[in-house]
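*Asks:* Before we start, here is the structure in question, set down as structure tokens.
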Amino acid sequence: MAQFLQQMINGLSIGSVYALMAVGYSLVYSIMSFSNFAHGGVIMLGSYFGFYLLTLAHWAFPAAFVGAALCSAGLAVIVERVAYRPLRLRNAPFLYFIISAMGASIFLENFVVATIGPTFRTYPTVLPRAPIEIGSVYIGRLDIMIFIISAVCLALLVYFLDRTKVGKAVQATAHNARAAKLMGINTDLVITLVFAIGGLLAGVAGVMFGMKYTVYPQMGGITIKSFIAAVFGGLGSLPGAVIGSLILGIMETLISGYFSSQFRDLISFTLLIAVLVFRPMGLMGKATEEKA
Amino acid sequence: MNWFYIKGILMLAGMNLMAVLGLSLLTGFTGLFSFGHAGFMALGAYAAAWAGVRMGLPFLVALLVGGLFAGLVSLPIGRLTLNLKGDYFCIATLGFGEAIRLILDNVQTFGGARGWPGIPIRTELWNVALICVAATLFMVRLVNSRHGRNMIAVREEELAAKTVGIDTFKYKMLSLFVSAVYAGIAGGMMGYYTGFLQPKMFGMARSTELTIIVIFGGIGSVSGSVLGSVLLTALPEILRTFAIWRLVVYGAAVIFIMISRPEGLMGGREITLEAIRRLVRGRRAEAEAGAGAGTGVGEVRR
Amino acid sequence: MSIKKKRVFILAACAALCLGLFAQGSAAEKVVKLGWVGSLTGDQAIWGQCELNTVKMMAEELNAAGGLLGAKVEVVGYDHRGDAMECVNAVRRLTSQDKVVCIIGPNASGHAIPIASVLEEMKVPDIATVATNPKVTVVDGKVKPFNFRVCFIDPYQGAVAAGFAYDVLKFTKAAVLYDVADDYSQGLTEFFIKTFTEKGGKIVAKEAFKFGDTDFRPQLSKIKAANPEIIFMPYFFKEVALSSNQARELGIKATLMGGDGWPSEILIQMAKDAVHGSYVVNHLDFDDPEVQDFKTRYTAKYKRAVELNGFLAHDAFLMFVDAAERANSLNPVAIRDALESTDIKGITGNIRINPATHNPEGKEAAIIRIMDGNYVFQQKYAP
């Protein structure tokens, strides 16, 4: 029983890291209808921004945290300008966007390898490592903090999208870009904004990931899991991304804990395909067939 | 420039070409985006090595066994996933590719993650060239046939294709099957080239690389795939002198090509004898008149 | 784009291709080329870059001291970004176009095995640095004539770890956490379990993760429930740091043990407290004055700490120089012949190549214990 509780906590903690990454993915997908594979690269650089603001610039943690998020937002906007906008203006099919995104992701990863170097870096200790013990169950302080920060970020995002005028413009563009344009919404600006928000989330995710684990050039690769989680939950749906991530995190943990850690990904991929066979748009996805 | 080294690049280009041709049918002509083709290559590679080393079949037969095995596996996979749209299909194939790798990592009879050494070296330039020429000719025939045109219809307007009575699912299946066979044969050649197989050789990076070559060469163009395979296999080799900056340049080049020439090198056109003649003569009038400097697919699109 | 522009584009691409291919033709006098191949990019870049740096530094030092048999050693290093096919091509280029007399690297067994046929065709010897799979040098009982290595092999390292854990530390219940997608990790796991159970110990848990994972708590929670006395972790230090931190966070008190993937300054930075008291099977004793000397030289030059591969690349370079000098020739085949009778003292111990296996024989493993962030030498150990 203790082991089961521990595994559920492990799963929730892994899932909340996936969620933070998956939301940024899904947000961009909701408006652009393509998978932004450069998201992992932005997360990775966000982690480096945070690391250097803390260690070289000696900023206080909250300031470094916000600074890293802002830098990542800027980076995401630059990636959009350079790699996607020319394609968007030409109404290129989604294949080209994906290839361009892959190019951007190869570029970012190897740029860091070439300049900063391939070394792993460790964040300075922000919270003590010692976990909180409840009976024989251990909960990391960092896990609790990540969980809270993820929840706050998502709440802010939902508030922004649902309650503000700009947020409604984003939703309208996501729903039908052409109609939104006709209604006088500056869709170009909206798209820039969405990338900026995606970048902010990437920065937050990067710092969290860096604190919990480590910082290295290939860490963007972990986003493939959050991408899978987003598909699981239904691409373009924010609640779907969160729920998909939590389910994936818990599922992986339980498979490792109770079946076979050797075949973990095989089982979770099989379940993923099974879900898609019955719900081709994921758990909470809406039909996006009409979009090109 | 040494012939021994060029030979290596050409063989690698040939093996890439084999896989790219298949993927080009799936992505370029049918419009399906796969991230799992390295999985089919792995299946083909291990099956071909098994047929050759354990069953004692001759090289070419073993390759065929590899190709057919990959094709066979593609059928149930396609049955389950081909109805998925865009990114969902993409992720399903990614999952498939990773799953294959994980199984091979765990199967100790083929060496698991530690790999399978001691496969005889049988892949030579002449047989790679032979297989590639045959495969290219077959592909050209296929895409110019009624089946090929139907596949393009599926890519362009699936709904419309359905309404005029094209069995879209059947054509998606056919194109997945053929592409899996091609990938399987490519994988088989790889095993007999390195003399060693390891699941690591068939990671996601290989799948994405193949897709990049297809798009680089130009969607819906067989000659684009040929040209793309040769150029993009040679590109990292040329960039060798850049050392650690090599993949930075590669990534930037991919973005640059996409934004400056998103239709790829050939952009749905084909190199034909006619087109070469025109290129050589360079007659302006002809060039302007024949905007689709070729026949075949270019015409179908218009 | 108009047709004309398009034609220019295609022609320019072809021209660039030709230029790139033919650009490296110039030769200098009295230069001997030494090849290196490995990962400068990709997941293994941290080790690959250290190897190439080491080889380059050694060559510079040798050249400053008069060179090798009157010739200057020029290092030609190529990246294979962790891809076996690219590695084969890089070796093709090294052996044919660059005409190197010997190659150092690659570090992974999965890359060292496929290059054998090229080496044999071009008759150039290769000294692998940390390729520990037995099949790098011997397949089906036959030694590969041009493949050598400077490190000890998986069965040996696994047996050392298991023997030390059972015989010296007197542990009887062990758990293993390993990387299922990694050849090195699977190899060590296999031989650790084999030796440990043969001696009478019990493996209470065997759990796997997949390369790229950063969270090991699900597996560790399961291992914790099995209550082992020692956990064997045969993988590289990034994962070691993460998994040992997480093990301690879960309240696991068992002793940790690892192989030669562990030693690094970065491990200490990342997990100083978690790995305190752990045992490591290593190639060398870090306190050895010669090791210290090399470390100081390297750090002064590159402003980075040496990774383990650097030490082995150092010894591989010594092997190459020694063989060339004994052969009194810069001919690759003569060097190969001389390599077979190598018997030198490197910083990773005595390297005596067995001509029947091309492995260094009788290399004792050093058992290192991590105490308060220092690698403290315990004893030499042979199973």
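Following the order of the structure tokens, first chain is A, next is B, and so on, with residues numbered from 1 inside each chain and ligands from 1 in the order they appear.
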Please identify the strand (DSSP E) residues within stretch 113-258 of chain B (assignment by DSSP from backbone atoms) and present them as a list in words.

*Replies:*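 Across stretch 113-258 of chain B, those assigned strand (DSSP E) are Trp116, Pro117, Phe196 and Leu197 of chain B.
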
*Asks:* For N, CA and C atoms, I'd like the residues from the last selection saved as a compact mmCIF listing (two decimals), in the first residue's frame.

*Replies:*
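After the write, out.txt holds the following:
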# COMPACT_ATOMS: atom_id res chain seq x y z
N TRP B 116 24.32 -7.21 -32.79
CA TRP B 116 24.52 -8.49 -33.47
C TRP B 116 25.69 -8.35 -34.43
N PRO B 117 26.88 -8.74 -34.02
CA PRO B 117 28.03 -8.63 -34.92
C PRO B 117 28.18 -9.88 -35.78
N PHE B 196 27.02 -5.40 -38.78
CA PHE B 196 26.67 -5.30 -37.38
C PHE B 196 25.31 -4.63 -37.27
N LEU B 197 24.47 -5.13 -36.39
CA LEU B 197 23.17 -4.50 -36.19
C LEU B 197 22.99 -4.19 -34.72

*Asks:* Select, as a ChimeraX atom specification, those residues of chain C with any atom no more than 7 Å from chain A (distances computed using only C-alpha atoms).

*Replies:* /C:41,43,45-46,180,207-209,212,214,217-219,221-222,242,249-250,270

*Asks:* Where does DSSP see helix (DSSP H, G or I) in stretch 29-211 of chain B, if you list the residues as a ChimeraX atom specification?

*Replies:* /B:29,37-54,59-81,86-106,108-110,112-114,125-144,146-156,158-163,168-194,199-202,204-211

*Asks:* Give me the residues near B:Ala186 as a PDB file with C-alpha atoms, in the first residue's frame, where near means some atom within 6 Å (using only C-alpha atoms) and where sequence neighbours in that chain fewer than 2 positions away do not count.

*Replies:*
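See part-v3.pdb below for the written result:
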ATOM      1  CA  MET B  15      20.683   2.918 -48.865  1.00  0.00           C
ATOM      2  CA  MET B  18      15.945   3.132 -50.964  1.00  0.00           C
ATOM      3  CA  ALA B  19      14.239   4.163 -47.726  1.00  0.00           C
ATOM      4  CA  ALA B 183      12.476   0.624 -45.891  1.00  0.00           C
ATOM      5  CA  GLY B 184      12.929  -3.043 -45.023  1.00  0.00           C
ATOM      6  CA  GLY B 188      18.708  -5.139 -44.851  1.00  0.00           C
ATOM      7  CA  MET B 189      21.404  -3.530 -46.961  1.00  0.00           C
TER       8      MET B 189
END

*Asks:* Quick check: residues of chain A within 8 Å of chain B, only C-alpha atoms, returned as a PyMOL selection string.

*Replies:* chain A and resi 34-35+83-84+86-87+92+95-96+99-108+110-111+113-114+228+231+262-263+265-266+269-270+272-273+276-277+280-281+289

*Asks:* Identify all chain C residues at most 7 Å from chain B by counting only C-alpha atoms; ligands do not count. Present them as a VMD selection string.

*Replies:* chain C and resid 3 20 to 22 40 to 41 78 to 79 83 to 84 89 92 to 93 96 to 97 110 113 to 114 139 180 to 183 186 to 187

*Asks:* Counting only C-alpha atoms, what is within 9 Å of stretch 65-70 of chain C, bar same-chain residues fewer than 2 positions away, as a list in words?

*Replies:*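 The neighbour list is Lys30, Val31, Val32, Ala59, Glu60, Glu61, Leu62, Asn63, Lys72, Val73, Val321, Ala324, Glu325, Asn328, Ser329 and Leu330 of chain C.
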
*Asks:* Write out as a ChimeraX atom specification which residues come within 7 Å of A:Gly199 when counting only C-alpha atoms, dropping same-chain ones fewer than 6 positions away.

*Replies:* /A:42,72-73,76

*Asks:* Using only C-alpha atoms, which residues sit within 12 Å of A:Val204 once same-chain residues fewer than 5 positions away are excluded, as a PDB file with N, CA and C atoms, in the first residue's frame?

*Replies:*
ATOM      1  N   VAL A  17       5.382  17.547 -14.682  1.00  0.00           N
ATOM      2  CA  VAL A  17       6.457  18.090 -15.527  1.00  0.00           C
ATOM      3  C   VAL A  17       6.066  17.962 -17.005  1.00  0.00           C
ATOM      4  N   ALA A  19       3.092  17.935 -18.128  1.00  0.00           N
ATOM      5  CA  ALA A  19       1.974  18.847 -18.387  1.00  0.00           C
ATOM      6  C   ALA A  19       2.469  20.238 -18.722  1.00  0.00           C
ATOM      7  N   LEU A  20       3.446  20.700 -17.946  1.00  0.00           N
ATOM      8  CA  LEU A  20       3.967  22.045 -18.159  1.00  0.00           C
ATOM      9  C   LEU A  20       4.513  22.191 -19.581  1.00  0.00           C
ATOM     10  N   MET A  21       5.117  21.108 -20.093  1.00  0.00           N
ATOM     11  CA  MET A  21       5.666  21.157 -21.450  1.00  0.00           C
ATOM     12  C   MET A  21       4.559  20.988 -22.485  1.00  0.00           C
ATOM     13  N   VAL A  23       1.408  21.776 -22.401  1.00  0.00           N
ATOM     14  CA  VAL A  23       0.484  22.897 -22.588  1.00  0.00           C
ATOM     15  C   VAL A  23       1.011  23.869 -23.641  1.00  0.00           C
ATOM     16  N   GLY A  24       2.316  24.148 -23.584  1.00  0.00           N
ATOM     17  CA  GLY A  24       2.896  25.045 -24.570  1.00  0.00           C
ATOM     18  C   GLY A  24       2.741  24.494 -25.992  1.00  0.00           C
ATOM     19  N   VAL A  42      13.403  25.361 -27.132  1.00  0.00           N
ATOM     20  CA  VAL A  42      13.152  26.576 -26.355  1.00  0.00           C
ATOM     21  C   VAL A  42      13.168  26.247 -24.859  1.00  0.00           C
ATOM     22  N   ILE A  43      12.593  25.101 -24.499  1.00  0.00           N
ATOM     23  CA  ILE A  43      12.615  24.676 -23.096  1.00  0.00           C
ATOM     24  C   ILE A  43      14.063  24.541 -22.625  1.00  0.00           C
ATOM     25  N   MET A  44      14.872  23.894 -23.478  1.00  0.00           N
ATOM     26  CA  MET A  44      16.270  23.667 -23.125  1.00  0.00           C
ATOM     27  C   MET A  44      16.980  25.012 -22.901  1.00  0.00           C
ATOM     28  N   LEU A  45      16.785  25.944 -23.836  1.00  0.00           N
ATOM     29  CA  LEU A  45      17.458  27.229 -23.664  1.00  0.00           C
ATOM     30  C   LEU A  45      16.902  27.985 -22.469  1.00  0.00           C
ATOM     31  N   GLY A  46      15.600  27.843 -22.213  1.00  0.00           N
ATOM     32  CA  GLY A  46      15.005  28.470 -21.035  1.00  0.00           C
ATOM     33  C   GLY A  46      15.703  28.006 -19.774  1.00  0.00           C
ATOM     34  N   SER A  47      16.011  26.712 -19.758  1.00  0.00           N
ATOM     35  CA  SER A  47      16.703  26.160 -18.616  1.00  0.00           C
ATOM     36  C   SER A  47      18.089  26.782 -18.466  1.00  0.00           C
ATOM     37  N   TYR A  48      18.776  26.957 -19.593  1.00  0.00           N
ATOM     38  CA  TYR A  48      20.097  27.596 -19.559  1.00  0.00           C
ATOM     39  C   TYR A  48      20.000  29.056 -19.134  1.00  0.00           C
ATOM     40  N   PHE A  49      18.982  29.767 -19.652  1.00  0.00           N
ATOM     41  CA  PHE A  49      18.798  31.170 -19.238  1.00  0.00           C
ATOM     42  C   PHE A  49      18.708  31.238 -17.718  1.00  0.00           C
ATOM     43  N   GLY A  50      17.826  30.419 -17.164  1.00  0.00           N
ATOM     44  CA  GLY A  50      17.634  30.428 -15.709  1.00  0.00           C
ATOM     45  C   GLY A  50      18.929  30.116 -14.986  1.00  0.00           C
ATOM     46  N   PRO A  62      13.355  34.261  -7.697  1.00  0.00           N
ATOM     47  CA  PRO A  62      12.129  34.705  -8.394  1.00  0.00           C
ATOM     48  C   PRO A  62      12.452  35.562  -9.610  1.00  0.00           C
ATOM     49  N   ALA A  64      15.246  35.502 -11.428  1.00  0.00           N
ATOM     50  CA  ALA A  64      15.831  34.666 -12.464  1.00  0.00           C
ATOM     51  C   ALA A  64      14.747  33.845 -13.162  1.00  0.00           C
ATOM     52  N   PHE A  65      13.795  33.404 -12.372  1.00  0.00           N
ATOM     53  CA  PHE A  65      12.694  32.609 -12.893  1.00  0.00           C
ATOM     54  C   PHE A  65      11.908  33.398 -13.934  1.00  0.00           C
ATOM     55  N   VAL A  66      11.531  34.634 -13.546  1.00  0.00           N
ATOM     56  CA  VAL A  66      10.777  35.487 -14.472  1.00  0.00           C
ATOM     57  C   VAL A  66      11.659  35.846 -15.672  1.00  0.00           C
ATOM     58  N   GLY A  67      12.930  36.154 -15.397  1.00  0.00           N
ATOM     59  CA  GLY A  67      13.845  36.519 -16.481  1.00  0.00           C
ATOM     60  C   GLY A  67      13.976  35.402 -17.498  1.00  0.00           C
ATOM     61  N   ALA A  68      14.124  34.159 -17.021  1.00  0.00           N
ATOM     62  CA  ALA A  68      14.267  33.018 -17.927  1.00  0.00           C
ATOM     63  C   ALA A  68      13.020  32.856 -18.766  1.00  0.00           C
ATOM     64  N   ALA A  69      11.845  33.040 -18.130  1.00  0.00           N
ATOM     65  CA  ALA A  69      10.590  32.886 -18.866  1.00  0.00           C
ATOM     66  C   ALA A  69      10.493  33.942 -19.959  1.00  0.00           C
ATOM     67  N   LEU A  70      10.881  35.175 -19.640  1.00  0.00           N
ATOM     68  CA  LEU A  70      10.799  36.248 -20.631  1.00  0.00           C
ATOM     69  C   LEU A  70      11.774  36.008 -21.783  1.00  0.00           C
ATOM     70  N   CYS A  71      12.992  35.597 -21.439  1.00  0.00           N
ATOM     71  CA  CYS A  71      13.986  35.318 -22.493  1.00  0.00           C
ATOM     72  C   CYS A  71      13.457  34.226 -23.425  1.00  0.00           C
ATOM     73  N   SER A  72      12.873  33.171 -22.849  1.00  0.00           N
ATOM     74  CA  SER A  72      12.358  32.082 -23.677  1.00  0.00           C
ATOM     75  C   SER A  72      11.229  32.571 -24.564  1.00  0.00           C
ATOM     76  N   ALA A  73      10.390  33.460 -24.018  1.00  0.00           N
ATOM     77  CA  ALA A  73       9.302  34.007 -24.822  1.00  0.00           C
ATOM     78  C   ALA A  73       9.882  34.732 -26.031  1.00  0.00           C
ATOM     79  N   ILE A 146       6.793  22.425  -7.911  1.00  0.00           N
ATOM     80  CA  ILE A 146       6.516  22.324  -9.344  1.00  0.00           C
ATOM     81  C   ILE A 146       5.019  22.167  -9.575  1.00  0.00           C
ATOM     82  N   ILE A 149       3.408  25.599  -8.989  1.00  0.00           N
ATOM     83  CA  ILE A 149       3.712  26.559 -10.058  1.00  0.00           C
ATOM     84  C   ILE A 149       2.999  26.173 -11.351  1.00  0.00           C
ATOM     85  N   SER A 150       2.974  24.868 -11.666  1.00  0.00           N
ATOM     86  CA  SER A 150       2.254  24.430 -12.861  1.00  0.00           C
ATOM     87  C   SER A 150       0.800  24.836 -12.761  1.00  0.00           C
ATOM     88  N   ALA A 151       0.200  24.579 -11.601  1.00  0.00           N
ATOM     89  CA  ALA A 151      -1.222  24.875 -11.436  1.00  0.00           C
ATOM     90  C   ALA A 151      -1.476  26.366 -11.584  1.00  0.00           C
ATOM     91  N   VAL A 152      -0.607  27.191 -10.980  1.00  0.00           N
ATOM     92  CA  VAL A 152      -0.784  28.638 -11.067  1.00  0.00           C
ATOM     93  C   VAL A 152      -0.663  29.107 -12.512  1.00  0.00           C
ATOM     94  N   CYS A 153       0.358  28.604 -13.213  1.00  0.00           N
ATOM     95  CA  CYS A 153       0.553  29.001 -14.608  1.00  0.00           C
ATOM     96  C   CYS A 153      -0.664  28.650 -15.448  1.00  0.00           C
ATOM     97  N   LEU A 154      -1.165  27.439 -15.244  1.00  0.00           N
ATOM     98  CA  LEU A 154      -2.306  27.015 -16.040  1.00  0.00           C
ATOM     99  C   LEU A 154      -3.534  27.847 -15.699  1.00  0.00           C
ATOM    100  N   ILE A 197       3.536  33.328 -25.439  1.00  0.00           N
ATOM    101  CA  ILE A 197       3.007  32.618 -24.264  1.00  0.00           C
ATOM    102  C   ILE A 197       3.581  31.204 -24.210  1.00  0.00           C
ATOM    103  N   GLY A 198       3.611  30.560 -25.380  1.00  0.00           N
ATOM    104  CA  GLY A 198       4.217  29.226 -25.431  1.00  0.00           C
ATOM    105  C   GLY A 198       5.654  29.275 -24.931  1.00  0.00           C
ATOM    106  N   GLY A 199       6.372  30.329 -25.316  1.00  0.00           N
ATOM    107  CA  GLY A 199       7.757  30.492 -24.881  1.00  0.00           C
ATOM    108  C   GLY A 199       7.855  30.715 -23.377  1.00  0.00           C
ATOM    109  N   PHE A 209      12.417  21.975 -14.803  1.00  0.00           N
ATOM    110  CA  PHE A 209      13.099  20.739 -15.184  1.00  0.00           C
ATOM    111  C   PHE A 209      14.559  20.796 -14.752  1.00  0.00           C
ATOM    112  N   GLY A 210      15.172  21.952 -15.004  1.00  0.00           N
ATOM    113  CA  GLY A 210      16.580  22.110 -14.656  1.00  0.00           C
ATOM    114  C   GLY A 210      16.809  21.965 -13.156  1.00  0.00           C
ATOM    115  N   MET A 211      15.896  22.530 -12.374  1.00  0.00           N
ATOM    116  CA  MET A 211      16.045  22.448 -10.919  1.00  0.00           C
ATOM    117  C   MET A 211      15.873  21.016 -10.445  1.00  0.00           C
TER     118      MET A 211
END

*Asks:* Give me the residues within 10 Å of C:Val91 as a list in words, counting only C-alpha atoms and dropping any in the same chain fewer than 3 places off.

*Replies:*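 That gives Tyr5 and Gly8 of chain B; Gly35, Trp36, Val37, Tyr78, His80, Glu86, Cys87, Val88, Leu94, Thr95, Ser96, Gln97, Asp98, Val100, Ile103, Pro106, Ile115, Ala116, Val118, Leu119, Met122, Val124 and Asp126 of chain C.
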
*Asks:* Next, dump the selected residues to file, keeping only C-alpha atoms, as a short mmCIF file (atom, residue, chain, number, x, y, z; two decimals), in the first residue's frame.

*Replies:*
data_model
loop_
_atom_site.label_atom_id
_atom_site.label_comp_id
_atom_site.auth_asym_id
_atom_site.auth_seq_id
_atom_site.Cartn_x
_atom_site.Cartn_y
_atom_site.Cartn_z
CA TYR B 5 35.62 7.30 -49.73
CA GLY B 8 31.20 4.84 -49.14
CA GLY C 35 42.95 9.75 -37.07
CA TRP C 36 40.33 10.10 -34.41
CA VAL C 37 36.62 9.35 -34.68
CA TYR C 78 35.84 13.49 -37.28
CA HIS C 80 29.99 10.68 -36.22
CA GLU C 86 28.39 7.82 -40.30
CA CYS C 87 31.16 6.31 -38.27
CA VAL C 88 31.89 3.85 -41.07
CA LEU C 94 40.28 8.81 -42.64
CA THR C 95 41.81 5.71 -44.17
CA SER C 96 41.53 6.62 -47.83
CA GLN C 97 41.54 10.36 -48.29
CA ASP C 98 43.41 11.51 -45.22
CA VAL C 100 46.03 8.25 -41.51
CA ILE C 103 42.96 5.64 -35.67
CA PRO C 106 35.52 5.39 -31.41
CA ILE C 115 34.35 -0.23 -38.78
CA ALA C 116 36.31 -3.50 -38.71
CA VAL C 118 36.92 -0.95 -43.53
CA LEU C 119 40.05 -1.19 -41.39
CA MET C 122 42.48 -0.40 -45.96
CA VAL C 124 44.93 0.65 -40.90
CA ASP C 126 42.40 1.19 -34.73
#
